[in-house]
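K.L.:
Next comes query-v7.txt, compact mmCIF, C-alpha atoms:
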# COMPACT_ATOMS: atom_id res chain seq x y z
CA MET G 1081 -14.85 -30.77 3.73
CA LYS G 1082 -11.79 -29.64 5.70
CA ASN G 1083 -11.66 -26.32 3.84
CA PHE G 1084 -15.37 -25.82 4.43
CA ILE G 1085 -14.96 -26.34 8.18
CA ILE G 1086 -12.01 -23.96 8.32
CA MET G 1087 -13.95 -21.30 6.42
CA GLY G 1088 -16.88 -21.73 8.79
CA MET G 1089 -14.63 -21.26 11.80
CA MET G 1090 -13.14 -18.13 10.25
CA LEU G 1091 -16.59 -16.70 9.64
CA LEU G 1092 -17.61 -17.30 13.24
CA MET G 1093 -14.44 -15.79 14.65
CA ALA G 1094 -14.66 -12.76 12.40
CA ALA G 1095 -18.33 -12.29 13.17
CA GLY G 1096 -17.54 -11.98 16.85
CA SER G 1097 -15.44 -8.92 16.13
CA PHE G 1098 -18.48 -7.10 14.75
CA ALA G 1099 -20.13 -7.12 18.16
CA GLN G 1100 -17.24 -6.32 20.50
CA GLU G 1101 -13.76 -4.85 20.53
CA ALA G 1102 -11.52 -7.05 18.45
CA ARG G 1103 -9.17 -9.47 20.13
CA LYS G 1104 -5.81 -10.09 18.52
CA GLU G 1105 -6.90 -13.50 17.22
CA ASP G 1106 -10.02 -11.93 15.70
CA VAL G 1107 -7.90 -9.46 13.73
CA LEU G 1108 -5.95 -12.31 12.17
CA ALA G 1109 -9.13 -14.30 11.54
CA THR G 1110 -10.63 -11.35 9.69
CA ALA G 1111 -7.49 -10.89 7.59
CA ARG G 1112 -7.64 -14.57 6.67
CA LEU G 1113 -11.32 -14.31 5.82
CA VAL G 1114 -10.79 -11.35 3.49
CA ASN G 1115 -7.85 -13.03 1.80
CA GLU G 1116 -9.67 -16.34 1.40
CA TYR G 1117 -12.50 -14.54 -0.34
CA PHE G 1118 -10.05 -13.02 -2.80
CA MET G 1119 -8.03 -16.17 -3.46
CA LYS G 1120 -11.18 -18.17 -4.02
CA LYS G 1121 -12.62 -15.60 -6.42
CA HIS G 1122 -9.31 -15.32 -8.29
CA ALA G 1123 -8.22 -18.94 -8.09
CA ASP G 1124 -6.00 -18.58 -11.15
CA PRO G 1125 -3.51 -15.78 -10.37
CA THR G 1126 -2.20 -15.78 -13.94
CA LYS G 1127 -5.52 -14.84 -15.48
CA ALA G 1128 -5.60 -11.41 -17.09
CA THR G 1129 -8.10 -8.79 -15.97
CA ASN G 1130 -10.77 -7.47 -18.29
CA VAL G 1131 -12.02 -4.10 -17.10
CA GLY G 1132 -12.52 -1.99 -20.17
CA ARG G 1133 -9.63 -3.84 -21.82
CA ILE G 1134 -7.38 -6.82 -21.22
CA ARG G 1135 -4.55 -6.20 -18.77
CA PRO G 1136 -2.02 -8.75 -17.47
CA SER G 1137 -2.33 -9.73 -13.82
CA SER G 1138 1.02 -8.06 -13.12
CA LEU G 1139 -0.66 -4.65 -13.26
CA TRP G 1140 -0.37 -2.34 -10.24
CA THR G 1141 -3.77 -3.15 -8.76
CA ARG G 1142 -2.84 -6.81 -8.39
CA ALA G 1143 0.67 -5.95 -7.27
CA VAL G 1144 -0.74 -4.05 -4.29
CA TYR G 1145 -2.69 -7.16 -3.34
CA TYR G 1146 0.55 -9.14 -3.21
CA GLU G 1147 2.09 -6.51 -0.93
CA GLY G 1148 -0.73 -7.31 1.48
CA LEU G 1149 -0.37 -11.06 0.99
CA MET G 1150 3.35 -10.92 1.77
CA ALA G 1151 2.52 -9.00 4.94
CA LEU G 1152 -0.05 -11.63 5.88
CA TYR G 1153 2.49 -14.39 5.32
CA GLU G 1154 4.79 -12.78 7.91
CA VAL G 1155 2.24 -13.52 10.65
CA ASP G 1156 0.45 -16.49 9.07
CA ALA G 1157 3.00 -18.68 7.29
CA ASP G 1158 0.59 -20.56 5.06
CA GLN G 1159 2.41 -22.24 2.17
CA ARG G 1160 -0.60 -21.62 -0.05
CA TYR G 1161 0.24 -17.92 -0.03
CA ILE G 1162 3.72 -18.61 -1.35
CA ASP G 1163 2.47 -21.07 -3.96
CA TYR G 1164 -0.13 -18.55 -5.13
CA THR G 1165 2.50 -15.81 -5.34
CA ASP G 1166 5.11 -17.87 -7.13
CA ARG G 1167 2.63 -19.17 -9.66
CA TRP G 1168 1.78 -15.55 -10.48
CA ALA G 1169 5.40 -14.39 -10.59
CA ASP G 1170 6.63 -17.39 -12.60
CA PHE G 1171 3.93 -16.75 -15.17
CA HIS G 1172 5.17 -13.18 -15.56
CA GLN G 1173 8.80 -14.34 -15.58
CA TRP G 1174 9.62 -12.12 -12.59
CA THR G 1175 9.52 -9.18 -14.97
CA PRO G 1176 7.82 -5.80 -14.61
CA ARG G 1177 4.64 -5.27 -16.54
CA ASN G 1178 5.48 -4.11 -20.08
CA GLY G 1179 9.04 -5.41 -19.86
CA ILE G 1180 12.40 -4.28 -18.51
CA LYS G 1181 12.42 -1.04 -20.53
CA THR G 1182 9.44 0.43 -18.73
CA CYS G 1183 9.93 3.55 -16.59
CA ASP G 1184 6.29 3.63 -15.46
CA ALA G 1185 6.00 3.23 -11.69
CA ASP G 1186 2.70 1.38 -12.09
CA ASP G 1187 4.51 -1.26 -14.13
CA GLN G 1188 7.20 -1.60 -11.47
CA CYS G 1189 4.95 -2.18 -8.46
CA CYS G 1190 5.00 -5.97 -8.92
CA GLU G 1191 8.76 -5.89 -8.41
CA GLN G 1192 8.23 -5.26 -4.69
CA THR G 1193 6.90 -8.79 -4.30
CA TYR G 1194 9.61 -10.25 -6.51
CA LEU G 1195 12.14 -8.68 -4.15
CA ASP G 1196 10.28 -9.89 -1.07
CA ARG G 1197 10.44 -13.43 -2.41
CA TYR G 1198 14.12 -13.03 -3.27
CA MET G 1199 14.86 -12.09 0.32
CA MET G 1200 13.29 -15.38 1.38
CA THR G 1201 15.07 -17.58 -1.16
CA HIS G 1202 18.02 -15.69 -2.70
CA ASP G 1203 17.03 -17.13 -6.05
CA GLN G 1204 18.62 -14.82 -8.61
CA LYS G 1205 15.90 -15.38 -11.20
CA MET G 1206 13.58 -13.36 -8.95
CA ILE G 1207 15.58 -10.15 -9.28
CA THR G 1208 17.54 -10.41 -12.54
CA HIS G 1209 14.93 -8.52 -14.56
CA VAL G 1210 14.25 -6.14 -11.69
CA ARG G 1211 17.91 -5.15 -11.69
CA GLU G 1212 17.89 -4.70 -15.47
CA ASN G 1213 14.81 -2.52 -15.24
CA LEU G 1214 16.11 -0.28 -12.45
CA ASP G 1215 19.58 0.06 -13.95
CA LEU G 1216 17.97 1.22 -17.18
CA GLN G 1217 15.77 3.76 -15.43
CA MET G 1218 18.69 5.12 -13.47
CA GLN G 1219 20.35 6.05 -16.77
CA THR G 1220 17.38 8.26 -17.65
CA LYS G 1221 16.03 11.37 -15.92
CA ILE G 1222 14.95 11.83 -12.31
CA GLY G 1223 11.47 13.24 -12.80
CA TRP G 1224 9.36 10.22 -13.58
CA TRP G 1225 7.12 10.29 -10.48
CA THR G 1226 4.70 13.00 -11.56
CA TRP G 1227 1.81 11.60 -9.49
CA ILE G 1228 2.07 10.63 -5.83
CA ASP G 1229 0.71 7.12 -6.34
CA ALA G 1230 4.03 6.42 -8.06
CA ILE G 1231 5.90 6.94 -4.80
CA GLN G 1232 4.24 3.84 -3.36
CA MET G 1233 4.39 1.86 -6.56
CA ALA G 1234 8.12 2.31 -7.17
CA MET G 1235 10.06 3.89 -4.30
CA PRO G 1236 10.02 0.69 -2.18
CA VAL G 1237 11.35 -1.19 -5.21
CA TYR G 1238 14.53 0.88 -4.97
CA SER G 1239 14.86 0.48 -1.20
CA LYS G 1240 14.19 -3.24 -1.42
CA MET G 1241 16.78 -3.62 -4.19
CA TYR G 1242 19.25 -1.75 -1.98
CA ARG G 1243 18.43 -4.11 0.86
CA ALA G 1244 18.76 -7.16 -1.40
CA THR G 1245 22.08 -6.16 -2.98
CA GLY G 1246 23.70 -3.69 -0.59
CA GLU G 1247 24.31 -1.35 -3.52
CA GLN G 1248 23.79 2.22 -2.30
CA LYS G 1249 23.05 3.53 -5.78
CA TYR G 1250 19.51 2.15 -5.64
CA MET G 1251 18.65 3.91 -2.41
CA ASP G 1252 20.22 7.13 -3.66
CA HIS G 1253 18.20 7.12 -6.85
CA GLY G 1254 14.93 6.33 -5.12
CA MET G 1255 15.45 9.23 -2.74
CA LYS G 1256 16.31 11.61 -5.60
CA MET G 1257 13.05 10.68 -7.28
CA TYR G 1258 11.12 11.15 -4.03
CA ILE G 1259 12.65 14.53 -3.25
CA TRP G 1260 11.95 15.75 -6.77
CA SER G 1261 8.26 14.91 -6.42
CA ARG G 1262 8.18 16.29 -2.88
CA ASP G 1263 9.94 19.60 -3.40
CA THR G 1264 10.29 20.45 -7.09
CA LEU G 1265 7.37 19.21 -9.17
CA ALA G 1266 4.80 22.04 -9.42
CA GLY G 1267 6.54 23.74 -6.51
CA GLY G 1268 6.42 20.56 -4.46
CA LEU G 1269 3.53 18.12 -4.03
CA PHE G 1270 3.95 17.86 -0.24
CA ASN G 1271 2.31 20.67 1.71
CA GLN G 1272 4.46 20.50 4.83
CA LYS G 1273 2.31 23.12 6.55
CA GLU G 1274 -0.76 20.89 6.36
CA GLY G 1275 1.06 17.54 6.33
CA LEU G 1276 -0.77 16.24 3.24
CA TRP G 1277 -0.01 15.67 -0.43
CA TRP G 1278 -1.53 17.02 -3.61
CA ARG G 1279 -2.09 14.14 -5.96
CA ASP G 1280 -0.28 15.77 -8.91
CA LYS G 1281 0.32 19.19 -10.51
CA ASP G 1282 -3.38 19.51 -11.41
CA TYR G 1283 -4.40 19.85 -7.76
CA VAL G 1284 -1.92 22.35 -6.32
CA PRO G 1285 -3.29 25.87 -5.63
CA PRO G 1286 -5.00 27.76 -7.09
CA TYR G 1287 -7.09 24.57 -7.52
CA GLN G 1288 -9.77 24.39 -4.85
CA GLU G 1289 -12.66 22.16 -3.92
CA PRO G 1290 -16.16 23.72 -4.09
CA ASP G 1291 -15.94 24.71 -0.41
CA GLY G 1292 -12.69 26.59 -1.06
CA LYS G 1293 -10.43 24.02 0.62
CA ASN G 1294 -7.45 22.15 -0.79
CA CYS G 1295 -8.00 18.82 -2.51
CA TYR G 1296 -6.16 16.05 -0.71
CA TRP G 1297 -7.21 12.65 -1.98
CA SER G 1298 -7.31 10.05 0.78
CA ARG G 1299 -5.82 7.14 -1.14
CA GLY G 1300 -3.20 9.41 -2.71
CA SER G 1301 -1.83 10.48 0.65
CA GLY G 1302 -2.27 6.85 1.74
CA TRP G 1303 0.04 5.69 -1.03
CA VAL G 1304 2.77 8.04 0.13
CA TYR G 1305 2.25 7.11 3.78
CA ALA G 1306 2.61 3.41 2.98
CA ALA G 1307 5.74 4.07 0.92
CA LEU G 1308 7.36 5.90 3.84
CA VAL G 1309 6.70 2.86 6.04
CA ARG G 1310 8.12 0.42 3.54
CA VAL G 1311 11.24 2.44 2.75
CA MET G 1312 12.00 3.25 6.40
CA THR G 1313 11.65 -0.45 7.19
CA ASP G 1314 14.34 -1.22 4.63
CA LEU G 1315 16.60 1.56 5.88
CA GLN G 1316 16.30 0.23 9.44
CA ALA G 1317 17.82 -3.04 8.23
CA MET G 1318 20.79 -1.43 6.47
CA PRO G 1319 24.04 0.22 7.63
CA LYS G 1320 23.49 3.51 9.46
CA ASN G 1321 25.90 5.51 7.33
CA LYS G 1322 25.74 9.28 7.06
CA VAL G 1323 23.68 9.25 3.88
CA ASN G 1324 21.15 6.73 5.13
CA LYS G 1325 20.74 8.64 8.39
CA ARG G 1326 19.92 11.76 6.39
CA TYR G 1327 17.40 9.88 4.28
CA TYR G 1328 15.77 8.30 7.32
CA LYS G 1329 15.57 11.62 9.13
CA LEU G 1330 13.75 13.23 6.18
CA LEU G 1331 11.31 10.34 5.75
CA LYS G 1332 10.65 10.18 9.48
CA LYS G 1333 9.93 13.92 9.56
CA ASP G 1334 7.44 13.58 6.70
CA PHE G 1335 5.88 10.54 8.35
CA ILE G 1336 5.29 12.37 11.62
CA LEU G 1337 3.83 15.41 9.86
CA MET G 1338 1.47 13.16 7.94
CA SER G 1339 0.49 11.20 11.04
CA LYS G 1340 -0.56 14.34 12.89
CA ALA G 1341 -2.55 15.59 9.90
CA LEU G 1342 -4.27 12.28 9.27
CA VAL G 1343 -5.45 11.77 12.83
CA ALA G 1344 -6.86 15.29 12.80
CA CYS G 1345 -9.18 14.49 9.88
CA GLN G 1346 -10.32 10.99 10.91
CA ARG G 1347 -14.08 10.54 10.92
CA GLU G 1348 -15.97 9.76 14.13
CA ASP G 1349 -16.71 6.27 12.81
CA GLY G 1350 -12.96 5.61 12.43
CA LEU G 1351 -12.79 5.80 8.65
CA TRP G 1352 -11.54 8.60 6.42
CA ASN G 1353 -13.36 10.49 3.68
CA PRO G 1354 -12.13 10.28 0.08
CA SER G 1355 -11.42 14.02 0.36
CA LEU G 1356 -9.44 14.51 3.55
CA VAL G 1357 -10.15 18.12 4.53
CA SER G 1358 -12.94 19.19 2.21
CA SER G 1359 -16.67 18.67 2.61
CA ASN G 1360 -16.73 17.58 -1.03
CA TYR G 1361 -17.27 13.81 -1.37
CA GLU G 1362 -17.62 13.13 2.31
CA GLY G 1363 -18.27 9.46 2.96
CA LYS G 1364 -16.78 6.19 4.15
CA GLU G 1365 -13.81 4.80 2.22
CA LEU G 1366 -11.70 1.70 2.84
CA THR G 1367 -8.46 2.02 0.87
CA GLY G 1368 -7.22 5.23 2.45
CA THR G 1369 -8.32 3.95 5.84
CA GLY G 1370 -6.42 0.68 5.42
CA LEU G 1371 -3.24 2.50 4.43
CA PHE G 1372 -3.54 4.96 7.30
CA LEU G 1373 -4.08 2.12 9.77
CA TYR G 1374 -0.98 0.46 8.31
CA GLY G 1375 1.16 3.53 8.85
CA LEU G 1376 -0.18 4.54 12.25
CA SER G 1377 0.20 1.01 13.64
CA TRP G 1378 3.70 0.72 12.20
CA GLY G 1379 4.67 4.05 13.73
CA ILE G 1380 3.57 2.82 17.15
CA ASN G 1381 5.23 -0.57 16.70
CA ASN G 1382 8.50 1.16 15.80
CA LYS G 1383 8.26 3.75 18.59
CA ILE G 1384 8.13 6.66 16.19
CA LEU G 1385 4.60 7.54 17.32
CA LYS G 1386 3.53 7.53 20.96
CA ALA G 1387 0.90 4.92 21.64
CA LYS G 1388 -1.00 7.21 24.00
CA ASP G 1389 -1.45 9.73 21.18
CA TYR G 1390 -2.17 7.44 18.24
CA GLN G 1391 -3.41 4.06 19.45
CA GLY G 1392 -6.96 5.31 19.79
CA ALA G 1393 -7.01 6.27 16.11
CA CYS G 1394 -5.91 2.74 15.22
CA HIS G 1395 -8.62 1.16 17.34
CA ARG G 1396 -11.25 3.44 15.79
CA ALA G 1397 -10.00 2.67 12.29
CA TRP G 1398 -10.18 -1.07 12.84
CA LYS G 1399 -13.62 -0.82 14.39
CA GLY G 1400 -14.80 1.25 11.44
CA LEU G 1401 -13.43 -1.25 8.94
CA ILE G 1402 -15.09 -4.16 10.71
CA ASN G 1403 -18.41 -2.46 11.37
CA ASP G 1404 -18.83 -0.74 8.03
CA CYS G 1405 -16.71 -2.45 5.35
CA VAL G 1406 -16.10 -6.18 5.88
CA HIS G 1407 -18.93 -8.42 4.71
CA ARG G 1408 -19.56 -11.77 6.35
CA ASP G 1409 -18.07 -13.64 3.39
CA GLY G 1410 -14.93 -11.47 3.21
CA PHE G 1411 -16.05 -9.09 0.48
CA LEU G 1412 -14.96 -5.51 1.16
CA GLY G 1413 -17.36 -2.62 0.84
CA TYR G 1414 -16.59 1.08 0.51
CA VAL G 1415 -13.61 0.49 -1.78
CA GLN G 1416 -13.22 3.51 -4.03
CA GLY G 1417 -12.63 2.61 -7.66
CA THR G 1418 -9.53 3.54 -9.63
CA GLY G 1419 -8.97 7.17 -10.48
CA LYS G 1420 -7.01 10.14 -9.26
CA ASP G 1421 -9.15 12.21 -6.93
CA PRO G 1422 -12.09 12.06 -4.50
CA SER G 1423 -14.63 11.98 -7.33
CA ALA G 1424 -13.38 8.65 -8.71
CA GLY G 1425 -15.71 5.67 -8.53
CA GLN G 1426 -18.51 7.58 -6.85
CA PRO G 1427 -20.80 6.70 -5.29
CA VAL G 1428 -18.72 4.52 -2.97
CA THR G 1429 -21.06 2.18 -1.06
CA TYR G 1430 -21.14 -0.90 1.14
CA THR G 1431 -22.34 -3.22 -1.63
CA LYS G 1432 -20.80 -1.70 -4.76
CA VAL G 1433 -18.15 -3.84 -6.47
CA PRO G 1434 -15.33 -1.49 -7.59
CA ASP G 1435 -13.75 -1.80 -11.01
CA PHE G 1436 -10.79 -3.56 -9.37
CA GLU G 1437 -11.07 -5.34 -6.00
CA ASP G 1438 -7.46 -6.43 -5.66
CA TYR G 1439 -5.80 -3.27 -4.40
CA GLY G 1440 -8.58 -2.80 -1.86
CA THR G 1441 -7.75 -6.22 -0.44
CA GLY G 1442 -4.07 -5.34 -0.40
CA CYS G 1443 -4.65 -2.08 1.47
CA PHE G 1444 -6.86 -3.87 3.98
CA LEU G 1445 -4.33 -6.64 4.60
CA LEU G 1446 -1.47 -4.19 5.12
CA GLY G 1447 -3.49 -2.34 7.73
CA ALA G 1448 -4.87 -5.46 9.39
CA VAL G 1449 -1.50 -7.17 9.75
CA GLU G 1450 0.27 -4.15 11.21
CA TYR G 1451 -2.62 -3.58 13.59
CA TYR G 1452 -2.44 -7.25 14.56
CA LYS G 1453 1.24 -6.77 15.40
CA MET G 1454 0.38 -3.72 17.49
CA LYS G 1455 -2.29 -5.55 19.50
Rewrite the coordinates I just gave you, this time as structure tokens.
P.N.:
Amino acid sequence: MKNFIIMGMMLLMAAGSFAQEARKEDVLATARLVNEYFMKKHADPTKATNVGRIRPSSLWTRAVYYEGLMALYEVDADQRYIDYTDRWADFHQWTPRNGIKTCDADDQCCEQTYLDRYMMTHDQKMITHVRENLDLQMQTKIGWWTWIDAIQMAMPVYSKMYRATGEQKYMDHGMKMYIWSRDTLAGGLFNQKEGLWWRDKDYVPPYQEPDGKNCYWSRGSGWVYAALVRVMTDLQAMPKNKVNKRYYKLLKKDFILMSKALVACQREDGLWNPSLVSSNYEGKELTGTGLFLYGLSWGINNKILKAKDYQGACHRAWKGLINDCVHRDGFLGYVQGTGKDPSAGQPVTYTKVPDFEDYGTGCFLLGAVEYYKMK
């Protein structure tokens, strides 16, 4: 009965934000509502997924959800969130998906949450296998991140391991991997002139969308944008030595370039299209929007972006998410399914259930929590 009453109160508070500009408490209430929907639907966090084939719940889609849950815990210290996380991580033995020998960034994404929990407890079991995995990868080549999603999945693992251990080698390697993807792969996946990222080598020019414009996938650039936030956060907490200052300066430069570009292509309703600058696949989409809200709000909170220039974009993004994406029960609409470009999972609609819901929830929670901090 108690849980029923609490859920009812959350629904009423969240519903109020549909009709008027959100108050700070409404933002948190909505984040709780969305998370409660997910935790109720996936009551057993150890259960494998079955979309096309069986995959363990340590896969990247679920790992992104836990990034959002850890963010929510920062502002809403509910022990249930920790219990839910630890049950999941214990089941997977605090090990990357596919074991310590994996060099696949998607497999490593879960390690971000293992490291977050280590920073709360300093329990060595939480990072022993993470260390083994990263040390092994560091003995291999640099060029593993051949798609920009990987920058979000794995780069914060290296910065978080640096923060957890103080060993500079982890930060150095993560930055080498990032710079290789940024500047070398296919001539560089970051178009500094336009401030946006090609998803991988298949989308750099001469590839064009049907209208002749470049193909910049919303969630792809969102992944990079979120990674910049997470890595800069870790660098802020570490010694300001010459090397770290150089790293931070580069990441900050990229972050500002991206921020300017993203605000310029925001829709009037506050959301972003799956294709950022092209008329191809125009339409509402939540995951990119959540990640952009996360980064823009963080930039304001950390005084990297001027509030007078960027706060309006954050307010519009939140309003768009509330008005167009969040259902009354916490289900999220307009979540684009898995894939690698704007065509994936189409059509993206208010009622369509994507192939995986978990990363959509994670993206939403990251954005909601950082926006909550801003308000």
K.L.:
Excluding G:Gly1447 and any residue of its chain fewer than 2 positions from it, enumerate the residues within 6 Å of it, using all atoms listed in the file, and give them as a list in words.
P.N.:
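Skipping anything fewer than 2 positions along the chain leaves Gly1370, Leu1371, Leu1373, Tyr1374, Phe1444, Leu1445, Val1449 and Glu1450 of chain G.
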K.L.:
Would you please work out which residue, of G:Ser1301, G:Thr1110, G:Ser1239, G:Thr1418, is nearest to G:Ile1402 when using only C-alpha atoms?
P.N.:
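Looking at the shortest contact to G:Ile1402, the residue is G:Thr1110.
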K.L.:
Just want the 10 Å neighbourhood of G:Asn1294, counted on only C-alpha atoms, with same-chain residues fewer than 3 positions away dropped. Output as a VMD selection string.
P.N.:
chain G and resid 1274 1276 to 1278 1283 to 1291 1297 1355 to 1358
K.L.:
Just C-alpha atoms for this one: save the residues we selected as an mmCIF file, in the coordinates of the input.
P.N.:
data_model
loop_
_atom_site.group_PDB
_atom_site.id
_atom_site.type_symbol
_atom_site.label_atom_id
_atom_site.label_comp_id
_atom_site.auth_asym_id
_atom_site.auth_seq_id
_atom_site.Cartn_x
_atom_site.Cartn_y
_atom_site.Cartn_z
ATOM 1 C CA GLU G 1274 -0.760 20.890 6.360
ATOM 2 C CA LEU G 1276 -0.770 16.240 3.240
ATOM 3 C CA TRP G 1277 -0.010 15.670 -0.430
ATOM 4 C CA TRP G 1278 -1.530 17.020 -3.610
ATOM 5 C CA TYR G 1283 -4.400 19.850 -7.760
ATOM 6 C CA VAL G 1284 -1.920 22.350 -6.320
ATOM 7 C CA PRO G 1285 -3.290 25.870 -5.630
ATOM 8 C CA PRO G 1286 -5.000 27.760 -7.090
ATOM 9 C CA TYR G 1287 -7.090 24.570 -7.520
ATOM 10 C CA GLN G 1288 -9.770 24.390 -4.850
ATOM 11 C CA GLU G 1289 -12.660 22.160 -3.920
ATOM 12 C CA PRO G 1290 -16.160 23.720 -4.090
ATOM 13 C CA ASP G 1291 -15.940 24.710 -0.410
ATOM 14 C CA TRP G 1297 -7.210 12.650 -1.980
ATOM 15 C CA SER G 1355 -11.420 14.020 0.360
ATOM 16 C CA LEU G 1356 -9.440 14.510 3.550
ATOM 17 C CA VAL G 1357 -10.150 18.120 4.530
ATOM 18 C CA SER G 1358 -12.940 19.190 2.210
#
K.L.:
Work out how far atom CA of G:Leu1412 is from atom CA of G:Val1114, in Å to one decimal.
P.N.:
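Distance between the two atoms: 7.5 Å.
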K.L.:
For stretch 1202-1208 of chain G, work out the shell of residues within 9 Å, counting all atoms listed in the file and skipping chain neighbours fewer than 3 positions away, then give it as a PDB file with C-alpha atoms, keeping the file's coordinate frame.
P.N.:
ATOM      1  CA  ALA G1169       5.400 -14.390 -10.590  1.00  0.00           C
ATOM      2  CA  ASP G1170       6.630 -17.390 -12.600  1.00  0.00           C
ATOM      3  CA  GLN G1173       8.800 -14.340 -15.580  1.00  0.00           C
ATOM      4  CA  TRP G1174       9.620 -12.120 -12.590  1.00  0.00           C
ATOM      5  CA  THR G1175       9.520  -9.180 -14.970  1.00  0.00           C
ATOM      6  CA  GLU G1191       8.760  -5.890  -8.410  1.00  0.00           C
ATOM      7  CA  TYR G1194       9.610 -10.250  -6.510  1.00  0.00           C
ATOM      8  CA  LEU G1195      12.140  -8.680  -4.150  1.00  0.00           C
ATOM      9  CA  ARG G1197      10.440 -13.430  -2.410  1.00  0.00           C
ATOM     10  CA  TYR G1198      14.120 -13.030  -3.270  1.00  0.00           C
ATOM     11  CA  MET G1199      14.860 -12.090   0.320  1.00  0.00           C
ATOM     12  CA  ARG G1211      17.910  -5.150 -11.690  1.00  0.00           C
ATOM     13  CA  GLU G1212      17.890  -4.700 -15.470  1.00  0.00           C
ATOM     14  CA  ASN G1213      14.810  -2.520 -15.240  1.00  0.00           C
ATOM     15  CA  MET G1241      16.780  -3.620  -4.190  1.00  0.00           C
ATOM     16  CA  ALA G1244      18.760  -7.160  -1.400  1.00  0.00           C
TER      17      ALA G1244
END
K.L.:
What's the separation between atom CA of G:Trp1303 and atom CA of G:Lys1420, in Å to one decimal place?
P.N.:
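Pair atom CA of G:Trp1303 / atom CA of G:Lys1420 returns 11.7 Å.
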K.L.:
Counting only C-alpha atoms, which residue out of G:Lys1383, G:Lys1293, G:Lys1221, G:Lys1322 sits closest to G:Gln1248?
P.N.:
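Closest residue, counting only C-alpha atoms: G:Lys1322.
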K.L.:
Which residue, G:Trp1168, G:Asp1186, G:Asp1215, G:Asn1403, has the smallest gap to G:Thr1141 when you use all atoms listed in the file?
P.N.:
G:Asp1186
K.L.:
Atom CA of G:Phe1335 to atom CA of G:Gly1223: how many Å, to one decimal?
P.N.:
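About the pair atom CA of G:Phe1335 and atom CA of G:Gly1223: they are 22.0 Å apart.
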K.L.:
Do you know which residues are at most 8 Å from G:Asp1349 counting only C-alpha atoms, after dropping those on the same chain fewer than 3 positions away, and could you put them as number ranges by chain?
P.N.:
G: 1396-1397, 1399-1400
K.L.:
For stretch 1376-1387 of chain G, take all atoms listed in the file, fit an axis-aligned box around them, add 4 Å to each of the six sides, then output centre and edge lengths in Å rounded to one decimal, as AutoDock Vina command-line options.
P.N.:
--center_x 4.2 --center_y 3.5 --center_z 16.9 --size_x 16.7 --size_y 16.1 --size_z 17.4
K.L.:
Quick one: residues within 12 Å of G:Glu1154, only C-alpha atoms counted, chain neighbours fewer than 5 positions away excluded, as an MDAnalysis selection string?
P.N.:
chainID G and resid 1108 1147:1149 1159 1161:1162 1196:1197 1200 1445:1446 1449:1450 1452:1453
K.L.:
Hey, which of G:Gly1425, G:Gly1246, G:Pro1354, G:Gly1254 ends up closest to G:Ala1234? Count all atoms listed in the file.
P.N.:
G:Gly1254
K.L.:
At a cut-off of 12 Å from (-8.0, -12.3, -0.4) in the coordinates of the file, what residues are picked up using only C-alpha atoms, written as a VMD selection string?
P.N.:
chain G and resid 1110 to 1123 1125 1142 1144 to 1150 1152 1160 to 1161 1164 1406 1409 to 1412 1437 to 1446
K.L.:
Calculated over all atoms listed in the file, which of the candidates G:Cys1190, G:Asp1404, G:Cys1183, G:Ala1230 has the smallest distance to G:Gln1217?
P.N.:
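That would be G:Cys1183, the residue with the smallest distance to G:Gln1217.
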K.L.:
Between G:Gly1292, G:Arg1243, G:His1253, G:Ile1231, which residue has the minimum interatomic distance to G:Arg1279, considering only C-alpha atoms?
P.N.:
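Looking at the shortest contact to G:Arg1279, the residue is G:Ile1231.
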K.L.:
Give as a VMD selection string the set of residues within 12 Å of the point (-7.8, -1.2, -19.4), where distances use the file's coordinates and all atoms listed in the file.
P.N.:
chain G and resid 1128 to 1137 1139 to 1141 1418 1435 to 1436
